[in-house]
$ cat run.csv   # CSV, C-alpha atoms
chain,number,residue,atom,x,y,z
A,87,TYR,CA,131.5,222.4,-14.0
A,88,LEU,CA,130.0,225.9,-13.5
A,89,ILE,CA,127.2,224.2,-11.6
A,90,GLN,CA,129.7,222.2,-9.6
A,91,ASP,CA,131.5,225.4,-8.7
A,92,GLU,CA,128.3,226.8,-7.3
A,93,PHE,CA,127.5,223.6,-5.5
A,94,ILE,CA,131.0,223.8,-3.8
A,95,LYS,CA,130.3,227.4,-2.8
A,96,MET,CA,127.0,226.4,-1.3
A,97,ARG,CA,128.6,223.6,0.7
A,98,GLU,CA,131.3,226.0,2.0
A,99,LYS,CA,128.7,228.6,3.1
A,100,GLU,CA,126.7,225.8,4.8
A,101,GLY,CA,129.7,225.1,7.0
A,102,TYR,CA,131.1,222.0,5.3
A,103,GLY,CA,134.5,223.6,5.2
A,104,SER,CA,137.0,224.6,2.5
A,105,ILE,CA,138.4,222.3,-0.2
A,106,GLY,CA,141.0,219.9,1.1
A,107,GLY,CA,141.6,218.0,-2.1
A,108,TRP,CA,140.0,216.5,-5.3
A,109,LYS,CA,138.8,213.2,-6.6
A,110,ILE,CA,139.0,211.9,-10.1
A,111,ALA,CA,136.2,209.6,-11.1
A,112,LEU,CA,135.7,207.2,-14.0
A,113,THR,CA,139.4,206.6,-14.6
A,114,ASN,CA,138.8,202.9,-14.7
A,115,PRO,CA,137.4,201.4,-17.9
A,116,GLU,CA,135.3,199.0,-15.8
A,117,MET,CA,133.7,201.9,-14.0
A,118,GLN,CA,133.2,203.9,-17.2
A,119,GLU,CA,131.3,200.9,-18.7
A,120,LEU,CA,129.2,200.5,-15.6
A,121,VAL,CA,127.8,204.1,-15.7
A,122,LYS,CA,128.1,204.5,-19.5
A,123,VAL,CA,130.3,207.6,-19.3
A,124,ASN,CA,133.5,207.4,-21.3
A,125,ARG,CA,135.7,210.1,-19.7
A,126,PRO,CA,137.0,211.1,-16.3
A,127,VAL,CA,135.4,213.7,-14.1
A,128,GLU,CA,136.5,215.5,-11.0
A,129,GLY,CA,135.0,216.7,-7.8
A,130,ALA,CA,136.1,218.6,-4.7
A,131,ILE,CA,136.7,216.9,-1.3
A,132,LEU,CA,135.9,219.2,1.6
A,133,LYS,CA,138.4,219.2,4.6
A,134,PRO,CA,135.9,218.1,7.3
A,135,LEU,CA,135.1,215.0,5.2
A,136,ILE,CA,138.7,213.8,5.1
A,137,TYR,CA,138.9,211.1,7.8
A,138,LYS,CA,141.6,209.2,9.6
A,139,ASN,CA,141.9,205.4,9.4
A,140,ASN,CA,139.4,203.1,11.0
A,141,ILE,CA,136.7,205.7,11.6
A,142,SER,CA,133.0,204.7,12.2
A,143,LEU,CA,130.4,206.3,10.0
A,144,LYS,CA,126.6,206.5,10.6
A,145,LEU,CA,124.5,204.9,7.9
A,146,LYS,CA,121.7,207.4,8.4
A,147,ASP,CA,124.0,210.2,7.3
A,148,TYR,CA,123.9,209.0,3.7
A,149,CYS,CA,121.2,208.2,1.1
A,150,HIS,CA,123.2,205.3,-0.5
A,151,ILE,CA,126.8,205.0,0.7
A,152,GLY,CA,129.5,203.4,-1.5
A,153,ALA,CA,133.2,202.9,-1.1
A,154,GLU,CA,136.1,202.7,-3.6
A,155,ALA,CA,139.7,201.5,-3.1
A,156,GLU,CA,142.1,204.1,-4.4
A,157,ILE,CA,145.7,205.2,-4.6
A,158,ALA,CA,145.9,208.8,-3.2
A,159,LEU,CA,148.7,211.3,-3.3
A,160,LYS,CA,149.4,214.4,-1.3
A,161,ILE,CA,150.5,217.6,-3.0
A,162,ASN,CA,153.9,218.5,-1.7
A,163,LYS,CA,154.1,222.1,-3.0
A,164,ASP,CA,151.7,224.4,-4.8
A,165,ILE,CA,151.3,223.5,-8.5
A,166,PRO,CA,151.5,226.6,-10.6
A,167,ILE,CA,148.9,227.5,-13.2
A,168,LYS,CA,150.6,227.2,-16.5
A,169,LYS,CA,148.9,228.7,-19.5
A,170,ASP,CA,149.3,225.6,-21.7
A,171,GLY,CA,149.1,223.1,-18.8
A,172,PHE,CA,151.5,220.3,-18.1
A,173,LYS,CA,152.5,217.9,-20.9
A,174,SER,CA,153.5,214.8,-19.1
A,175,LYS,CA,153.2,212.9,-15.8
A,176,GLU,CA,156.9,213.4,-15.3
A,177,ALA,CA,156.4,217.2,-15.3
A,178,ILE,CA,154.3,217.0,-12.2
A,179,LEU,CA,156.6,214.7,-10.2
A,180,PRO,CA,158.4,217.6,-8.4
A,181,TYR,CA,155.1,218.6,-6.8
A,182,LEU,CA,154.3,215.2,-5.4
A,183,LYS,CA,155.8,213.1,-2.6
A,184,GLU,CA,153.6,211.0,-0.3
A,185,VAL,CA,151.3,208.2,-1.3
A,186,MET,CA,148.6,206.5,0.7
A,187,VAL,CA,145.7,204.0,0.4
A,188,ALA,CA,142.3,205.7,0.4
A,189,LEU,CA,138.7,204.6,0.7
A,190,GLU,CA,136.6,207.2,-1.2
A,191,ILE,CA,133.2,207.6,0.3
A,192,VAL,CA,130.6,208.1,-2.4
A,193,ASP,CA,126.8,208.7,-2.2
A,194,ASP,CA,124.9,208.2,-5.4
A,195,ARG,CA,121.7,209.3,-3.8
A,196,ASN,CA,120.0,206.3,-5.4
A,197,TYR,CA,120.7,207.6,-8.9
A,198,GLY,CA,121.8,204.1,-9.9
A,199,ALA,CA,121.9,203.6,-13.7
A,200,ASN,CA,120.3,207.0,-14.3
A,201,ILE,CA,123.5,208.9,-13.9
A,202,SER,CA,125.0,210.9,-16.8
A,203,PHE,CA,128.1,212.9,-17.3
A,204,ASN,CA,126.3,216.2,-16.7
A,205,LYS,CA,124.5,215.0,-13.5
A,206,LEU,CA,127.7,213.4,-12.2
A,207,VAL,CA,129.8,216.6,-12.6
A,208,ALA,CA,127.0,218.9,-11.4
A,209,GLN,CA,126.6,217.2,-8.0
A,210,ASN,CA,130.4,217.0,-7.3
A,211,SER,CA,131.0,213.5,-8.7
A,212,MET,CA,129.2,211.8,-5.8
A,213,ASN,CA,132.0,212.6,-3.4
A,214,TYR,CA,131.2,212.5,0.3
A,215,GLY,CA,134.7,212.4,1.7
A,216,CYS,CA,137.4,209.8,2.1
A,217,VAL,CA,139.3,207.8,4.7
A,218,LEU,CA,143.1,207.9,4.4
A,219,GLY,CA,145.8,205.4,5.5
A,220,ASP,CA,149.2,206.5,6.8
A,221,PRO,CA,151.4,208.0,4.0
A,222,VAL,CA,154.6,206.5,2.6
A,223,GLU,CA,157.2,207.6,0.2
A,224,ILE,CA,157.9,205.2,-2.7
A,225,ASP,CA,158.9,205.5,-6.4
A,226,LEU,CA,155.9,207.3,-7.8
A,227,MET,CA,156.6,205.9,-11.3
A,228,SER,CA,155.9,202.4,-9.9
A,229,LEU,CA,152.3,203.2,-8.9
A,230,ASP,CA,150.9,201.5,-12.0
A,231,SER,CA,152.3,198.1,-10.9
A,232,LEU,CA,150.8,198.1,-7.4
A,233,GLU,CA,148.0,195.6,-6.9
A,234,GLY,CA,145.3,195.8,-4.3
A,235,ASN,CA,141.8,194.8,-3.2
A,236,LEU,CA,138.6,196.0,-1.7
A,237,VAL,CA,137.2,193.9,1.2
A,238,LEU,CA,133.7,194.0,2.5
A,239,SER,CA,133.1,192.5,5.9
A,240,GLY,CA,136.0,190.0,5.5
A,241,LYS,CA,135.3,189.0,1.9
A,242,GLU,CA,137.1,190.3,-1.1
A,243,PHE,CA,134.7,192.4,-3.2
A,244,GLY,CA,137.1,193.5,-5.9
A,245,ARG,CA,140.7,193.5,-7.0
A,246,GLY,CA,142.7,195.7,-9.3
A,247,ILE,CA,146.0,197.3,-10.2
A,248,GLY,CA,147.3,200.8,-10.5
A,249,LYS,CA,147.4,200.7,-14.3
A,250,ASN,CA,143.6,200.4,-14.2
A,251,VAL,CA,143.6,204.1,-13.5
A,252,LEU,CA,144.2,205.8,-16.9
A,253,GLN,CA,147.2,203.4,-17.4
A,254,HIS,CA,149.0,205.1,-14.5
A,255,PRO,CA,147.7,207.0,-11.4
A,256,LEU,CA,150.0,209.9,-12.3
A,257,ASN,CA,148.0,210.3,-15.6
A,258,SER,CA,145.0,210.8,-13.4
A,259,VAL,CA,146.8,213.6,-11.5
A,260,LEU,CA,147.9,215.1,-14.7
A,261,TYR,CA,144.3,215.1,-16.0
A,262,LEU,CA,143.1,216.8,-12.9
A,263,VAL,CA,145.9,219.5,-12.9
A,264,ASN,CA,145.2,220.4,-16.4
A,265,ASN,CA,141.4,220.4,-16.1
A,266,LEU,CA,141.6,222.6,-12.9
A,267,ILE,CA,143.8,225.0,-14.8
A,268,LYS,CA,141.1,225.4,-17.4
A,269,ARG,CA,138.7,226.2,-14.6
A,270,GLY,CA,141.0,228.8,-13.1
A,271,ARG,CA,141.8,226.5,-10.1
A,272,LYS,CA,145.0,224.9,-8.8
A,273,LEU,CA,146.3,222.4,-6.4
A,274,TYR,CA,147.9,223.6,-3.2
A,275,ALA,CA,150.5,222.0,-0.8
A,276,GLY,CA,148.7,219.6,1.5
A,277,ASP,CA,145.8,218.9,-0.9
A,278,ILE,CA,144.8,215.2,-1.3
A,279,VAL,CA,144.2,213.7,-4.7
A,280,LEU,CA,142.2,210.5,-5.1
A,281,THR,CA,143.3,209.1,-8.4
A,282,GLY,CA,140.4,206.8,-9.1
A,283,SER,CA,139.1,203.3,-8.1
A,284,ILE,CA,141.3,200.3,-8.9
A,285,SER,CA,138.1,198.1,-8.9
A,286,THR,CA,134.3,198.6,-8.8
A,287,THR,CA,132.4,200.3,-6.0
A,288,CYS,CA,131.0,198.3,-3.1
A,289,TRP,CA,127.8,199.4,-1.2
A,290,PRO,CA,128.1,198.7,2.5
A,291,THR,CA,125.2,198.6,4.9
A,292,TYR,CA,124.7,198.6,8.7
A,293,GLY,CA,127.4,196.5,10.5
A,294,ASP,CA,129.8,196.3,7.6
A,295,LYS,CA,133.5,196.9,7.7
A,296,VAL,CA,135.2,198.1,4.5
A,297,GLU,CA,138.9,197.7,3.9
A,298,ALA,CA,141.4,198.6,1.2
A,299,HIS,CA,144.8,197.0,0.8
A,300,ILE,CA,147.4,198.0,-1.8
A,301,ASP,CA,150.9,196.6,-2.2
A,302,LYS,CA,153.7,198.6,-0.4
A,303,LEU,CA,151.1,201.0,1.1
A,304,ASN,CA,149.4,201.1,4.5
A,305,SER,CA,145.9,199.6,4.6
A,306,VAL,CA,142.8,201.6,5.5
A,307,SER,CA,139.3,200.8,6.8
A,308,PHE,CA,136.0,202.2,8.1
A,309,ASN,CA,133.0,200.8,9.8
A,310,ILE,CA,129.3,201.4,9.3
A,311,PHE,CA,126.8,201.6,12.2
$ encode --input "run.csv" --output "structure tokens"
Amino acid sequence: YLIQDEFIKMREKEGYGSIGGWKIALTNPEMQELVKVNRPVEGAILKPLIYKNNISLKLKDYCHIGAEAEIALKINKDIPIKKDGFKSKEAILPYLKEVMVALEIVDDRNYGANISFNKLVAQNSMNYGCVLGDPVEIDLMSLDSLEGNLVLSGKEFGRGIGKNVLQHPLNSVLYLVNNLIKRGRKLYAGDIVLTGSISTTCWPTYGDKVEAHIDKLNSVSFNIF
């Protein structure tokens, strides 16, 4: 994570903008098995890489672009740094409010099966931004029961449910909050948190449209050209 911190600083100095949120990767057992890493990891999302719904992305801007369907939350007010961290998902509820569907944009830079925990963390957990749907306000404790799917050019690629994400998406936020505290970091009002993929990653190519649909939330999509 010290390497990741330096990577983030380099990106900021190169004009990629400041941190606008965080993603938590490998919260889904299926994804952990796929890459042979058995614990979650986080990475920063830079503000200029947070896109609105139905954006078009250039394939040539990526080495190997992937997309994941996720439940995202917006931090409603700054989460304080507590010395001993937060003990339960209920303890972070006062700092959360809006929920949205997100398509995380990842770029594995053709690592494929050669990824490891250390490599994944060091290069910011593959994050290359996200596309967000319009936010809604629902019972946050119900997020584990929401079902959804990932659609690639009109065909369902994957399907999942909120409880695939560490048994509850709020557990993912709790993990992030406590891990950031250990790093001397915190979450601020307005930050976006991507809680983790509800299914496996798809790898779109030229001409593809990627969509994510999750119960009770507004759908989201992007196009590749």
$ residues_around --input "run.csv" --residues "Leu206 of chain A" --least-positions-apart "2" --cutoff "12 Å" --atoms "all atoms listed in the file" --output "ChimeraX atom specification"
/A:87,89-90,110-112,121-123,125-129,192-195,197-204,208-213
$ atom_distance --input "run.csv" --atom1 "atom CA of Pro255 of chain A" --atom2 "atom CA of Phe93 of chain A"
26.8 Å
$ atom_distance --input "run.csv" --atom1 "atom CA of Asn139 of chain A" --atom2 "atom CA of Val187 of chain A"
9.9 Å
$ residues_around --input "run.csv" --residues "segment 173-182 of chain A" --least-positions-apart "4" --cutoff "10 Å" --atoms "only C-alpha atoms" --output "PyMOL selection string"
chain A and resi 159-166+223+226-227+254-261+263-264+273-276
$ write_last_selection --input "run.csv" --atoms "C-alpha atoms" --output "mmCIF file, in the frame of the given file"
data_model
loop_
_atom_site.group_PDB
_atom_site.id
_atom_site.type_symbol
_atom_site.label_atom_id
_atom_site.label_comp_id
_atom_site.auth_asym_id
_atom_site.auth_seq_id
_atom_site.Cartn_x
_atom_site.Cartn_y
_atom_site.Cartn_z
ATOM 1 C CA LEU A 159 148.700 211.300 -3.300
ATOM 2 C CA LYS A 160 149.400 214.400 -1.300
ATOM 3 C CA ILE A 161 150.500 217.600 -3.000
ATOM 4 C CA ASN A 162 153.900 218.500 -1.700
ATOM 5 C CA LYS A 163 154.100 222.100 -3.000
ATOM 6 C CA ASP A 164 151.700 224.400 -4.800
ATOM 7 C CA ILE A 165 151.300 223.500 -8.500
ATOM 8 C CA PRO A 166 151.500 226.600 -10.600
ATOM 9 C CA GLU A 223 157.200 207.600 0.200
ATOM 10 C CA LEU A 226 155.900 207.300 -7.800
ATOM 11 C CA MET A 227 156.600 205.900 -11.300
ATOM 12 C CA HIS A 254 149.000 205.100 -14.500
ATOM 13 C CA PRO A 255 147.700 207.000 -11.400
ATOM 14 C CA LEU A 256 150.000 209.900 -12.300
ATOM 15 C CA ASN A 257 148.000 210.300 -15.600
ATOM 16 C CA SER A 258 145.000 210.800 -13.400
ATOM 17 C CA VAL A 259 146.800 213.600 -11.500
ATOM 18 C CA LEU A 260 147.900 215.100 -14.700
ATOM 19 C CA TYR A 261 144.300 215.100 -16.000
ATOM 20 C CA VAL A 263 145.900 219.500 -12.900
ATOM 21 C CA ASN A 264 145.200 220.400 -16.400
ATOM 22 C CA LEU A 273 146.300 222.400 -6.400
ATOM 23 C CA TYR A 274 147.900 223.600 -3.200
ATOM 24 C CA ALA A 275 150.500 222.000 -0.800
ATOM 25 C CA GLY A 276 148.700 219.600 1.500
#
$ closest_residue --input "run.csv" --among "A:Gly215, A:Gly101, A:Gly240, A:Pro134" --to "Lys295 of chain A" --atoms "only C-alpha atoms"
A:Gly240
$ residues_around --input "run.csv" --residues "Asn250 of chain A" --least-positions-apart "4" --cutoff "7 Å" --atoms "all atoms listed in the file" --output "ChimeraX atom specification"
/A:114,246,284
$ write_last_selection --input "run.csv" --atoms "C-alpha atoms" --output "PDB file, in the frame of the given file"
ATOM      1  CA  ASN A 114     138.800 202.900 -14.700  1.00  0.00           C
ATOM      2  CA  GLY A 246     142.700 195.700  -9.300  1.00  0.00           C
ATOM      3  CA  ILE A 284     141.300 200.300  -8.900  1.00  0.00           C
TER       4      ILE A 284
END
$ closest_residue --input "run.csv" --among "A:Leu236, A:Leu252, A:Ala130, A:Ile94" --to "Ala155 of chain A" --atoms "only C-alpha atoms"
A:Leu236
$ residues_near_point --input "run.csv" --point "(148.1, 210.6, -1.2)" --cutoff "8 Å" --atoms "only C-alpha atoms" --output "ChimeraX atom specification"
/A:157-161,184-188,218,221,278-280
$ atom_distance --input "run.csv" --atom1 "atom CA of Glu233 of chain A" --atom2 "atom CA of Ala298 of chain A"
10.9 Å
$ closest_residue --input "run.csv" --among "A:Lys241, A:Ser285, A:Asn140, A:Cys149" --to "Asn196 of chain A" --atoms "only C-alpha atoms"
A:Cys149
$ residues_around --input "run.csv" --residues "Leu189 of chain A" --least-positions-apart "5" --cutoff "6 Å" --atoms "all atoms listed in the file" --output "CSV table (one decimal) with C-alpha atoms, in the coordinates of the input"
chain,number,residue,atom,x,y,z
A,154,GLU,CA,136.1,202.7,-3.6
A,155,ALA,CA,139.7,201.5,-3.1
A,216,CYS,CA,137.4,209.8,2.1
A,217,VAL,CA,139.3,207.8,4.7
$ closest_residue --input "run.csv" --among "A:Ile247, A:Ile151, A:Leu145, A:Ile105" --to "Cys288 of chain A" --atoms "all atoms listed in the file"
A:Ile151
$ residues_near_point --input "run.csv" --point "(134.0, 204.2, 11.6)" --cutoff "7 Å" --atoms "all atoms listed in the file" --output "NGL selection string"
:A and (140-143 or 308-310)
$ write_last_selection --input "run.csv" --atoms "C-alpha atoms" --output "mmCIF file, in the frame of the given file"
data_model
loop_
_atom_site.group_PDB
_atom_site.id
_atom_site.type_symbol
_atom_site.label_atom_id
_atom_site.label_comp_id
_atom_site.auth_asym_id
_atom_site.auth_seq_id
_atom_site.Cartn_x
_atom_site.Cartn_y
_atom_site.Cartn_z
ATOM 1 C CA ASN A 140 139.400 203.100 11.000
ATOM 2 C CA ILE A 141 136.700 205.700 11.600
ATOM 3 C CA SER A 142 133.000 204.700 12.200
ATOM 4 C CA LEU A 143 130.400 206.300 10.000
ATOM 5 C CA PHE A 308 136.000 202.200 8.100
ATOM 6 C CA ASN A 309 133.000 200.800 9.800
ATOM 7 C CA ILE A 310 129.300 201.400 9.300
#
$ closest_residue --input "run.csv" --among "A:Leu135, A:Val296, A:Ile191, A:Asp301" --to "His150 of chain A" --atoms "only C-alpha atoms"
A:Ile191
$ closest_residue --input "run.csv" --among "A:Leu132, A:Tyr148, A:Met117, A:Lys268" --to "Met96 of chain A" --atoms "only C-alpha atoms"
A:Leu132
